[in-house]
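The structure appears right after this line, and notes come after that.
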Amino acid sequence: MHAGLASDGGSKLKMLLTFVDALPAGNEEGTYYSIDLGGTNFRVLKVEVGDGSVVTRRKVELPIPEELIKGTIEELFNFVAVTLKEFVEAEDGKDEQRALGFTFSFPVRQTSVSSGSLIRWTKGFLIEDVVGKDVAQCLNEALARSGLNVNDTVGTLALGHYHDEDTVAAVIIGAGTNACYIERTDAIIKCQGLLTNSGGMVVNMEWGNFWSSHLPRTPYDISLDDETQNRNDQGFEKMISGIYLGEIARLVLHRMALESDVFGDAADNLSTPFTLSTPLLAAIRKDDSPDLSEVRRILQDHLKIPDTPLKTRRLVVKVCDIVTRRAARLAAAGIVGILKKLGRDGSGIASSGRTRGQLRRTVVAIEGGLYEGYPEFREYLDEALVEILGEEVARTVTLEVTVDGSGAGAALLAAVHSSNR
Ligand code: ADP
Ligand code: MG
């Protein structure tokens, strides 16, 4: 983190400036729209803000069509623009130009709060001629209006902070994974002379790209990496997030099928990449029926492996468990890394003269389909936090789920921004 803040390219962690220096304080008001372009889903939201609450009045959520992920940027943003236009017209009768938040969950080098160029695609996106371009401008052209361009982690932090001012960081664990936190401007060495009213700025870590020689990498991680468009990038993300976990388990099962007879002669059926999705992996791990009937069904329906003995189904559950647990523990380690950087991991107690009883409360906002939809993942993550921090310090850290955080938060930031102008 220090190296990434010291210079561009100084670390695998990009530590990107967001130009967000003011977070919602809880007194914002009004009706706002936001659009959220994630890794798997596209959402449009209308949110009403006031009296300390943020209410999603209406939301449409559509899977991003496969052909758009590999098409042109015009096609993708036209899809976005048309969906937004229809949504707004259905709501307001005509297109009222309310403040708009645009959440874009890809690494962008921002030059202001409403402009920035795409560094590279992640999460399987492969649209040519966009890398290096100003994505906010491309979108504004498609929408014929301007909005605030925010990263999804930043939106999540904003919504978390609206509800609770002790929120200092946000983490996404969905299709991909990433985190942001509030850094002091004087610690952002690569941008000397950076001045903000608050003395701080939200830094988008792009932690999905984290890597360290201390991280043990298995042959399955290497095979997975080979299957992706962004080889050698996003190593941390590929061990943690929703696009990848099911596939890691499939790779393990495939090798088991090749090297043993646990799957009978069905080895070939396990050879197709990405046939085991992460929600299926979660369903396998969750099956607590005595005969693992759900595991049997998934193996049969999704992987075309009929008639597995109970012993084999138990083995499959075990593999899914291990893949899940590793992911959750790595995410927990990342969170502790942020707490440590903020001096909130309890390690500075002796030097600060503070006693353990006076530890500051810390809230981390979390969003994402994997974290929200998979309770066992959350349990493993919590368990690891306690293990690393110790019970006493872990008690001062709250992980707060902010449903729709990335979208609603962007709308809130649009509110903060439009009232500050
Ligand atoms: P994005 O905003 O990037 O589109 P989301 O936050 O909506 O992503 O998360 C979607 C991802 O979460 C999917 O890729 C899927 O792998 C994972 N996911 C969704 N539901 C579950 C579940 N019940 N159990 C495990 N993983 C899930
Ligand atoms: Mg998202």
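If you're wondering about the labels, chains in the structure tokens are A, B, ... by order shown, residues count from 1 in each chain, ligands from 1 in order shown.
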Produce as a PDB file with N, CA, C and O atoms, in the first residue's frame the set of residues near ligand 1, where near means within 7 Å with only C-alpha atoms and all ligand atoms considered.
```
ATOM      1  N   LEU A  37     -22.757  -0.416 -13.327  1.00  0.00           N
ATOM      2  CA  LEU A  37     -22.267  -1.388 -14.301  1.00  0.00           C
ATOM      3  C   LEU A  37     -21.210  -2.250 -13.613  1.00  0.00           C
ATOM      4  O   LEU A  37     -20.085  -1.811 -13.383  1.00  0.00           O
ATOM      5  N   GLY A  38     -21.633  -3.453 -13.238  1.00  0.00           N
ATOM      6  CA  GLY A  38     -20.740  -4.334 -12.481  1.00  0.00           C
ATOM      7  C   GLY A  38     -20.055  -5.324 -13.395  1.00  0.00           C
ATOM      8  O   GLY A  38     -19.782  -5.036 -14.559  1.00  0.00           O
ATOM      9  N   GLY A  39     -19.819  -6.527 -12.869  1.00  0.00           N
ATOM     10  CA  GLY A  39     -19.148  -7.528 -13.676  1.00  0.00           C
ATOM     11  C   GLY A  39     -20.134  -8.472 -14.342  1.00  0.00           C
ATOM     12  O   GLY A  39     -19.895  -8.999 -15.418  1.00  0.00           O
ATOM     13  N   THR A  40     -21.284  -8.671 -13.688  1.00  0.00           N
ATOM     14  CA  THR A  40     -22.260  -9.600 -14.232  1.00  0.00           C
ATOM     15  C   THR A  40     -23.606  -8.926 -14.475  1.00  0.00           C
ATOM     16  O   THR A  40     -24.340  -9.301 -15.369  1.00  0.00           O
ATOM     17  N   ASN A  41     -23.902  -7.929 -13.647  1.00  0.00           N
ATOM     18  CA  ASN A  41     -25.212  -7.303 -13.721  1.00  0.00           C
ATOM     19  C   ASN A  41     -25.137  -5.812 -14.006  1.00  0.00           C
ATOM     20  O   ASN A  41     -24.156  -5.161 -13.694  1.00  0.00           O
ATOM     21  N   PHE A  42     -26.214  -5.320 -14.588  1.00  0.00           N
ATOM     22  CA  PHE A  42     -26.373  -3.887 -14.801  1.00  0.00           C
ATOM     23  C   PHE A  42     -27.623  -3.450 -14.048  1.00  0.00           C
ATOM     24  O   PHE A  42     -28.651  -4.112 -14.129  1.00  0.00           O
ATOM     25  N   SER A 105     -17.388  -0.557 -12.242  1.00  0.00           N
ATOM     26  CA  SER A 105     -16.520  -1.382 -11.389  1.00  0.00           C
ATOM     27  C   SER A 105     -15.293  -1.929 -12.120  1.00  0.00           C
ATOM     28  O   SER A 105     -15.085  -3.133 -12.166  1.00  0.00           O
ATOM     29  N   ILE A 173     -17.187  -7.906  -2.527  1.00  0.00           N
ATOM     30  CA  ILE A 173     -16.929  -9.323  -2.801  1.00  0.00           C
ATOM     31  C   ILE A 173     -18.115  -9.840  -3.603  1.00  0.00           C
ATOM     32  O   ILE A 173     -19.108 -10.321  -3.055  1.00  0.00           O
ATOM     33  N   GLY A 174     -18.035  -9.659  -4.906  1.00  0.00           N
ATOM     34  CA  GLY A 174     -19.117 -10.074  -5.796  1.00  0.00           C
ATOM     35  C   GLY A 174     -18.515 -10.854  -6.942  1.00  0.00           C
ATOM     36  O   GLY A 174     -17.763 -11.799  -6.728  1.00  0.00           O
ATOM     37  N   ALA A 175     -18.838 -10.416  -8.162  1.00  0.00           N
ATOM     38  CA  ALA A 175     -18.218 -11.031  -9.334  1.00  0.00           C
ATOM     39  C   ALA A 175     -16.701 -10.889  -9.218  1.00  0.00           C
ATOM     40  O   ALA A 175     -15.945 -11.826  -9.434  1.00  0.00           O
ATOM     41  N   GLY A 176     -16.265  -9.690  -8.862  1.00  0.00           N
ATOM     42  CA  GLY A 176     -14.844  -9.442  -8.599  1.00  0.00           C
ATOM     43  C   GLY A 176     -14.655  -9.040  -7.155  1.00  0.00           C
ATOM     44  O   GLY A 176     -15.599  -9.126  -6.353  1.00  0.00           O
ATOM     45  N   GLY A 242     -16.464 -14.215  -7.087  1.00  0.00           N
ATOM     46  CA  GLY A 242     -17.547 -15.028  -7.627  1.00  0.00           C
ATOM     47  C   GLY A 242     -17.339 -15.601  -9.022  1.00  0.00           C
ATOM     48  O   GLY A 242     -17.809 -16.696  -9.318  1.00  0.00           O
ATOM     49  N   ILE A 243     -16.655 -14.865  -9.871  1.00  0.00           N
ATOM     50  CA  ILE A 243     -16.448 -15.393 -11.222  1.00  0.00           C
ATOM     51  C   ILE A 243     -15.570 -16.646 -11.175  1.00  0.00           C
ATOM     52  O   ILE A 243     -15.680 -17.514 -12.027  1.00  0.00           O
ATOM     53  N   SER A 277     -20.604 -22.957 -11.462  1.00  0.00           N
ATOM     54  CA  SER A 277     -20.622 -21.543 -11.052  1.00  0.00           C
ATOM     55  C   SER A 277     -20.453 -21.446  -9.540  1.00  0.00           C
ATOM     56  O   SER A 277     -20.637 -22.424  -8.820  1.00  0.00           O
ATOM     57  N   THR A 278     -20.140 -20.242  -9.072  1.00  0.00           N
ATOM     58  CA  THR A 278     -19.967 -20.061  -7.626  1.00  0.00           C
ATOM     59  C   THR A 278     -21.273 -20.241  -6.843  1.00  0.00           C
ATOM     60  O   THR A 278     -21.249 -20.849  -5.771  1.00  0.00           O
ATOM     61  N   PRO A 279     -22.417 -19.770  -7.337  1.00  0.00           N
ATOM     62  CA  PRO A 279     -23.659 -20.095  -6.608  1.00  0.00           C
ATOM     63  C   PRO A 279     -23.879 -21.614  -6.479  1.00  0.00           C
ATOM     64  O   PRO A 279     -24.385 -22.073  -5.447  1.00  0.00           O
ATOM     65  N   ALA A 282     -21.645 -22.823  -3.771  1.00  0.00           N
ATOM     66  CA  ALA A 282     -22.237 -22.473  -2.477  1.00  0.00           C
ATOM     67  C   ALA A 282     -23.359 -23.459  -2.118  1.00  0.00           C
ATOM     68  O   ALA A 282     -23.473 -23.895  -0.968  1.00  0.00           O
ATOM     69  N   GLU A 367     -20.178  -5.039   0.262  1.00  0.00           N
ATOM     70  CA  GLU A 367     -21.245  -5.317  -0.699  1.00  0.00           C
ATOM     71  C   GLU A 367     -20.786  -6.375  -1.679  1.00  0.00           C
ATOM     72  O   GLU A 367     -19.591  -6.599  -1.870  1.00  0.00           O
ATOM     73  N   GLY A 368     -21.737  -7.049  -2.274  1.00  0.00           N
ATOM     74  CA  GLY A 368     -21.403  -8.015  -3.321  1.00  0.00           C
ATOM     75  C   GLY A 368     -22.205  -9.292  -3.179  1.00  0.00           C
ATOM     76  O   GLY A 368     -22.489  -9.746  -2.071  1.00  0.00           O
ATOM     77  N   GLY A 369     -22.560  -9.853  -4.327  1.00  0.00           N
ATOM     78  CA  GLY A 369     -23.418 -11.036  -4.350  1.00  0.00           C
ATOM     79  C   GLY A 369     -22.826 -12.232  -3.628  1.00  0.00           C
ATOM     80  O   GLY A 369     -23.559 -12.996  -2.986  1.00  0.00           O
ATOM     81  N   LEU A 370     -21.531 -12.417  -3.712  1.00  0.00           N
ATOM     82  CA  LEU A 370     -20.910 -13.567  -3.054  1.00  0.00           C
ATOM     83  C   LEU A 370     -21.011 -13.430  -1.535  1.00  0.00           C
ATOM     84  O   LEU A 370     -21.453 -14.342  -0.835  1.00  0.00           O
ATOM     85  N   GLY A 373     -24.794 -13.511  -0.469  1.00  0.00           N
ATOM     86  CA  GLY A 373     -25.568 -14.721  -0.725  1.00  0.00           C
ATOM     87  C   GLY A 373     -24.998 -15.995  -0.133  1.00  0.00           C
ATOM     88  O   GLY A 373     -25.592 -17.065  -0.282  1.00  0.00           O
ATOM     89  N   TYR A 374     -23.867 -15.898   0.537  1.00  0.00           N
ATOM     90  CA  TYR A 374     -23.161 -17.106   0.950  1.00  0.00           C
ATOM     91  C   TYR A 374     -22.754 -17.013   2.431  1.00  0.00           C
ATOM     92  O   TYR A 374     -21.634 -16.599   2.754  1.00  0.00           O
TER      93      TYR A 374
END
```
Applying 12 Å and only C-alpha atoms, which residues near Leu194 of chain A remain after dropping the ones on its own chain fewer than 6 positions away? List them as number ranges by chain.
A: 17, 19, 21, 183-188, 200-201
Write out as an MDAnalysis selection string the set of residues from segment 146-328 of chain A that DSSP, computed on the backbone, places in helix (DSSP H, G or I).
chainID A and resid 152:163 185:187 207:209 219:227 237:240 245:259 267:270 278:286 293:303 310:328
Min atom-atom distance to ligand 2 from the set A:Val393, A:Ala257, A:Val403, A:Ala331, counting only C-alpha atoms and all ligand atoms, belongs to A:Val403
Any idea what's packed within 8 Å of Leu413 of chain A, counting only C-alpha atoms, ignoring anything in its chain fewer than 3 positions away? Could you give it as a CSV table (one decimal) with N, CA, C and O atoms, in the first residue's frame?
```csv
chain,number,residue,atom,x,y,z
A,23,LEU,N,-17.6,12.7,2.1
A,23,LEU,CA,-18.5,11.6,2.1
A,23,LEU,C,-19.8,12.1,2.7
A,23,LEU,O,-19.9,13.0,3.5
A,24,PRO,N,-20.9,11.4,2.3
A,24,PRO,CA,-22.2,11.8,2.9
A,24,PRO,C,-22.2,11.8,4.4
A,24,PRO,O,-21.6,10.9,5.0
A,101,GLY,N,-25.6,9.3,-10.6
A,101,GLY,CA,-24.3,8.7,-10.2
A,101,GLY,C,-24.1,7.5,-11.1
A,101,GLY,O,-25.0,6.7,-11.4
A,148,LEU,N,-21.7,11.7,-12.2
A,148,LEU,CA,-20.6,11.5,-11.4
A,148,LEU,C,-20.0,10.1,-11.6
A,148,LEU,O,-20.8,9.2,-11.6
A,155,GLY,N,-18.8,4.0,-3.9
A,155,GLY,CA,-20.2,4.1,-3.7
A,155,GLY,C,-20.6,3.4,-2.4
A,155,GLY,O,-21.4,3.9,-1.6
A,158,ALA,N,-19.6,5.3,0.5
A,158,ALA,CA,-20.4,6.5,0.7
A,158,ALA,C,-21.7,6.1,1.4
A,158,ALA,O,-22.1,6.8,2.4
A,409,GLY,N,-25.0,4.5,-3.3
A,409,GLY,CA,-23.9,5.3,-2.8
A,409,GLY,C,-23.4,6.3,-3.8
A,409,GLY,O,-23.1,7.5,-3.5
A,410,ALA,N,-23.4,5.9,-5.1
A,410,ALA,CA,-23.1,6.8,-6.2
A,410,ALA,C,-24.1,7.9,-6.3
A,410,ALA,O,-23.7,9.1,-6.5
A,416,VAL,N,-24.1,14.9,-2.7
A,416,VAL,CA,-23.1,15.7,-2.0
A,416,VAL,C,-22.5,16.6,-3.0
A,416,VAL,O,-22.3,17.8,-2.7
A,417,HIS,N,-22.1,16.1,-4.2
A,417,HIS,CA,-21.4,16.9,-5.2
A,417,HIS,C,-22.3,18.1,-5.7
A,417,HIS,O,-21.8,19.2,-5.8
```
